[in-house]
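The file input-v4.cif contains mmCIF, C-alpha atoms and all ligand atoms:
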data_model
#
loop_
_atom_site.label_atom_id
_atom_site.label_comp_id
_atom_site.auth_asym_id
_atom_site.auth_seq_id
_atom_site.Cartn_x
_atom_site.Cartn_y
_atom_site.Cartn_z
CA MET A 149 -8.86 -13.58 -13.16
CA PRO A 150 -12.00 -15.39 -14.23
CA ARG A 151 -13.50 -18.15 -12.18
CA TRP A 152 -14.42 -21.34 -13.96
CA ARG A 153 -17.66 -23.19 -13.54
CA LEU A 154 -17.58 -26.55 -15.19
CA ARG A 155 -20.70 -27.58 -17.12
CA ALA A 156 -22.59 -24.60 -15.76
CA CYS A 157 -24.20 -23.52 -19.03
CA PRO A 158 -28.00 -24.00 -18.94
CA ARG A 159 -28.17 -24.17 -22.74
CA CYS A 160 -25.48 -26.62 -23.78
CA GLY A 161 -23.99 -27.80 -20.50
CA GLY A 162 -20.59 -26.46 -21.46
CA ASP A 163 -17.94 -24.91 -19.30
CA SER A 164 -18.54 -21.34 -18.28
CA TYR A 165 -16.44 -18.68 -16.69
CA VAL A 166 -17.39 -15.82 -14.42
CA ASP A 167 -16.10 -12.35 -15.08
CA ASN A 168 -17.23 -8.76 -14.76
CA ASP A 169 -17.48 -5.65 -16.88
CA ILE A 170 -19.02 -2.22 -16.47
CA ASP A 171 -22.48 -3.77 -16.23
CA GLY A 172 -21.49 -6.06 -13.40
CA TRP A 173 -20.83 -9.74 -13.07
CA TYR A 174 -21.78 -12.26 -15.68
CA GLU A 175 -21.26 -15.86 -16.56
CA GLN A 176 -20.42 -16.79 -20.12
CA CYS A 177 -20.19 -20.14 -21.81
CA LEU A 178 -17.10 -20.95 -23.83
CA LEU A 179 -18.82 -23.38 -26.14
CA CYS A 180 -21.96 -21.56 -27.25
CA GLY A 181 -21.34 -18.06 -25.95
CA HIS A 182 -24.46 -18.06 -23.84
CA ARG A 183 -24.24 -15.27 -21.31
CA ARG A 184 -26.28 -14.47 -18.26
CA GLU A 185 -26.04 -11.84 -15.61
CA LEU A 186 -25.25 -12.84 -12.09
CA LYS A 187 -27.58 -11.24 -9.61
CA ASP A 188 -26.34 -13.14 -6.63
CA ILE A 189 -22.66 -12.57 -7.16
CA GLU A 190 -22.16 -11.72 -3.52
CA GLN A 191 -23.25 -15.18 -2.57
CA PHE A 192 -21.05 -16.63 -5.28
CA MET A 193 -17.99 -14.74 -4.13
CA LYS A 194 -18.58 -15.60 -0.48
CA ARG A 195 -17.88 -12.09 0.62
CA PRO A 196 -18.23 -11.30 4.28
CA VAL A 197 -21.21 -9.11 4.94
CA ARG A 198 -20.40 -5.74 6.33
CA THR A 199 -22.51 -5.03 9.34
CA THR A 200 -23.15 -1.85 11.20
CA GLY A 201 -22.88 -1.54 14.93
CA LYS A 202 -25.78 -2.94 16.88
CA HIS A 203 -26.24 0.19 18.93
CA GLY A 204 -25.43 2.69 16.23
CA ASP A 205 -23.58 4.95 18.65
CA LEU A 206 -20.03 3.95 17.78
CA ASP A 207 -19.42 7.16 15.86
CA ALA A 208 -20.16 9.27 18.91
CA ALA A 209 -17.13 8.02 20.82
ZN ZN A 301 -23.23 -23.14 -23.61
#

Hey, can you dump this file as C-alpha cells for me?
Amino acid sequence: MPRWRLRACPRCGGDSYVDNDIDGWYEQCLLCGHRRELKDIEQFMKRPVRTTGKHGDLDAA
C-alpha cells in the first residue's frame, strides 16, 4: 500500500506517492511522473533500529 506525500514533488509541487520495486524505494509524482529514489527510506518509515548487545557475549549463554 503506497504512502501519499502531498505536494512533495520538487518539480511541479504535485502529490507524490511512495512505493518500492526491485530497485528499492522511490517516490513518484502523479501529475508529472517525476520519480526519485529514496535513500533515507528507513528514516521515512520510522523503523526501529536493530541493535546488537552491548557486551557481544549474549550468544555464549
Ligand atoms: Zn510532479

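Candidate residues A:Lys187, A:Gly181, A:Pro150, A:Tyr174 were compared for distance to Gly162 (chain A), and the nearest is A:Gly181, using all atoms listed in the file.
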
*asked:* Set the distance at 10 Å and use only C-alpha atoms: which residues neighbour Asn168 (chain A) once local chain neighbours fewer than 3 positions away are removed? I'd like the list as JSON, numbers by chain.
replied: {"A": [149, 150, 171, 172, 173, 174, 175, 185, 186]}

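Residue nearest ligand ZN 301 (chain A), chosen from A:Cys177, A:Tyr165, A:Arg184, A:Arg155 and counting only C-alpha atoms and all ligand atoms: A:Cys177.
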
Around region 161-179 of chain A, with edges along x, y and z and 8 Å added on all six sides, what centre and edge lengths do you get, in Å to one decimal, as AutoDock Vina command-line options?
--center_x -20.0 --center_y -15.0 --center_z -19.6 --size_x 23.9 --size_y 41.6 --size_z 29.1

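Interatomic distance, CA of Arg153 (chain A) against CA of His182 (chain A): 13.4 Å.
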
How close does each residue of chain A get to ligand ZN 301 (chain A), giving the shortest atom pair and distance in Å to one decimal for every residue with an atom at most 10 Å away, counting all atoms listed in the file, sorted by chain and residue number, as a tab-separated table?
residue	atom	partner	partner_atom	distance
A:Arg155	CA	A:ZN301	ZN	8.3
A:Ala156	CA	A:ZN301	ZN	8.0
A:Cys157	CA	A:ZN301	ZN	4.7
A:Pro158	CA	A:ZN301	ZN	6.7
A:Arg159	CA	A:ZN301	ZN	5.1
A:Cys160	CA	A:ZN301	ZN	4.1
A:Gly161	CA	A:ZN301	ZN	5.7
A:Gly162	CA	A:ZN301	ZN	4.8
A:Asp163	CA	A:ZN301	ZN	7.0
A:Ser164	CA	A:ZN301	ZN	7.3
A:Gln176	CA	A:ZN301	ZN	7.8
A:Cys177	CA	A:ZN301	ZN	4.6
A:Leu178	CA	A:ZN301	ZN	6.5
A:Leu179	CA	A:ZN301	ZN	5.1
A:Cys180	CA	A:ZN301	ZN	4.2
A:Gly181	CA	A:ZN301	ZN	5.9
A:His182	CA	A:ZN301	ZN	5.2
A:Arg183	CA	A:ZN301	ZN	8.3

With C-alpha atoms retained, write the just-selected residues as a compact mmCIF listing (two decimals), in the frame of the given file.
# COMPACT_ATOMS: atom_id res chain seq x y z
CA ARG A 155 -20.70 -27.58 -17.12
CA ALA A 156 -22.59 -24.60 -15.76
CA CYS A 157 -24.20 -23.52 -19.03
CA PRO A 158 -28.00 -24.00 -18.94
CA ARG A 159 -28.17 -24.17 -22.74
CA CYS A 160 -25.48 -26.62 -23.78
CA GLY A 161 -23.99 -27.80 -20.50
CA GLY A 162 -20.59 -26.46 -21.46
CA ASP A 163 -17.94 -24.91 -19.30
CA SER A 164 -18.54 -21.34 -18.28
CA GLN A 176 -20.42 -16.79 -20.12
CA CYS A 177 -20.19 -20.14 -21.81
CA LEU A 178 -17.10 -20.95 -23.83
CA LEU A 179 -18.82 -23.38 -26.14
CA CYS A 180 -21.96 -21.56 -27.25
CA GLY A 181 -21.34 -18.06 -25.95
CA HIS A 182 -24.46 -18.06 -23.84
CA ARG A 183 -24.24 -15.27 -21.31

Rebuild region 170-190 of chain A so that it carries N, CA and C atoms, then output the result as a PDB file, keeping the file's coordinate frame.
ATOM      1  N   ILE A 170     -18.408  -3.417 -17.045  1.00  0.00           N
ATOM      2  CA  ILE A 170     -19.020  -2.220 -16.470  1.00  0.00           C
ATOM      3  C   ILE A 170     -20.454  -2.452 -16.041  1.00  0.00           C
ATOM      4  N   ASP A 171     -21.103  -3.477 -16.600  1.00  0.00           N
ATOM      5  CA  ASP A 171     -22.480  -3.770 -16.230  1.00  0.00           C
ATOM      6  C   ASP A 171     -22.587  -4.638 -14.998  1.00  0.00           C
ATOM      7  N   GLY A 172     -21.464  -5.178 -14.566  1.00  0.00           N
ATOM      8  CA  GLY A 172     -21.490  -6.060 -13.400  1.00  0.00           C
ATOM      9  C   GLY A 172     -20.973  -7.450 -13.751  1.00  0.00           C
ATOM     10  N   TRP A 173     -21.339  -8.389 -12.925  1.00  0.00           N
ATOM     11  CA  TRP A 173     -20.830  -9.740 -13.070  1.00  0.00           C
ATOM     12  C   TRP A 173     -21.698 -10.547 -14.023  1.00  0.00           C
ATOM     13  N   TYR A 174     -21.054 -11.385 -14.776  1.00  0.00           N
ATOM     14  CA  TYR A 174     -21.780 -12.260 -15.680  1.00  0.00           C
ATOM     15  C   TYR A 174     -21.069 -13.596 -15.790  1.00  0.00           C
ATOM     16  N   GLU A 175     -21.810 -14.532 -16.327  1.00  0.00           N
ATOM     17  CA  GLU A 175     -21.260 -15.860 -16.560  1.00  0.00           C
ATOM     18  C   GLU A 175     -21.432 -16.177 -18.040  1.00  0.00           C
ATOM     19  N   GLN A 176     -20.356 -16.546 -18.691  1.00  0.00           N
ATOM     20  CA  GLN A 176     -20.420 -16.790 -20.120  1.00  0.00           C
ATOM     21  C   GLN A 176     -19.874 -18.154 -20.461  1.00  0.00           C
ATOM     22  N   CYS A 177     -20.567 -18.797 -21.410  1.00  0.00           N
ATOM     23  CA  CYS A 177     -20.190 -20.140 -21.810  1.00  0.00           C
ATOM     24  C   CYS A 177     -19.142 -20.089 -22.922  1.00  0.00           C
ATOM     25  N   LEU A 178     -18.149 -20.913 -22.808  1.00  0.00           N
ATOM     26  CA  LEU A 178     -17.100 -20.950 -23.830  1.00  0.00           C
ATOM     27  C   LEU A 178     -17.581 -21.613 -25.117  1.00  0.00           C
ATOM     28  N   LEU A 179     -18.442 -22.583 -24.982  1.00  0.00           N
ATOM     29  CA  LEU A 179     -18.820 -23.380 -26.140  1.00  0.00           C
ATOM     30  C   LEU A 179     -19.832 -22.681 -27.043  1.00  0.00           C
ATOM     31  N   CYS A 180     -20.899 -22.144 -26.436  1.00  0.00           N
ATOM     32  CA  CYS A 180     -21.960 -21.560 -27.250  1.00  0.00           C
ATOM     33  C   CYS A 180     -22.063 -20.054 -27.083  1.00  0.00           C
ATOM     34  N   GLY A 181     -21.321 -19.503 -26.136  1.00  0.00           N
ATOM     35  CA  GLY A 181     -21.340 -18.060 -25.950  1.00  0.00           C
ATOM     36  C   GLY A 181     -22.518 -17.555 -25.154  1.00  0.00           C
ATOM     37  N   HIS A 182     -23.309 -18.470 -24.632  1.00  0.00           N
ATOM     38  CA  HIS A 182     -24.460 -18.060 -23.840  1.00  0.00           C
ATOM     39  C   HIS A 182     -23.992 -17.271 -22.619  1.00  0.00           C
ATOM     40  N   ARG A 183     -24.646 -16.140 -22.404  1.00  0.00           N
ATOM     41  CA  ARG A 183     -24.240 -15.270 -21.310  1.00  0.00           C
ATOM     42  C   ARG A 183     -25.438 -14.914 -20.448  1.00  0.00           C
ATOM     43  N   ARG A 184     -25.212 -14.898 -19.162  1.00  0.00           N
ATOM     44  CA  ARG A 184     -26.280 -14.470 -18.260  1.00  0.00           C
ATOM     45  C   ARG A 184     -25.686 -13.645 -17.140  1.00  0.00           C
ATOM     46  N   GLU A 185     -26.484 -12.708 -16.695  1.00  0.00           N
ATOM     47  CA  GLU A 185     -26.040 -11.840 -15.610  1.00  0.00           C
ATOM     48  C   GLU A 185     -26.115 -12.594 -14.292  1.00  0.00           C
ATOM     49  N   LEU A 186     -25.235 -12.226 -13.411  1.00  0.00           N
ATOM     50  CA  LEU A 186     -25.250 -12.840 -12.090  1.00  0.00           C
ATOM     51  C   LEU A 186     -25.788 -11.837 -11.077  1.00  0.00           C
ATOM     52  N   LYS A 187     -26.961 -12.127 -10.585  1.00  0.00           N
ATOM     53  CA  LYS A 187     -27.580 -11.240  -9.610  1.00  0.00           C
ATOM     54  C   LYS A 187     -27.062 -11.513  -8.204  1.00  0.00           C
ATOM     55  N   ASP A 188     -26.717 -12.738  -7.990  1.00  0.00           N
ATOM     56  CA  ASP A 188     -26.340 -13.140  -6.630  1.00  0.00           C
ATOM     57  C   ASP A 188     -24.834 -13.361  -6.533  1.00  0.00           C
ATOM     58  N   ILE A 189     -24.112 -12.414  -7.127  1.00  0.00           N
ATOM     59  CA  ILE A 189     -22.660 -12.570  -7.160  1.00  0.00           C
ATOM     60  C   ILE A 189     -22.058 -12.513  -5.762  1.00  0.00           C
ATOM     61  N   GLU A 190     -22.703 -11.809  -4.873  1.00  0.00           N
ATOM     62  CA  GLU A 190     -22.160 -11.720  -3.520  1.00  0.00           C
ATOM     63  C   GLU A 190     -22.154 -13.085  -2.848  1.00  0.00           C
TER      64      GLU A 190
END
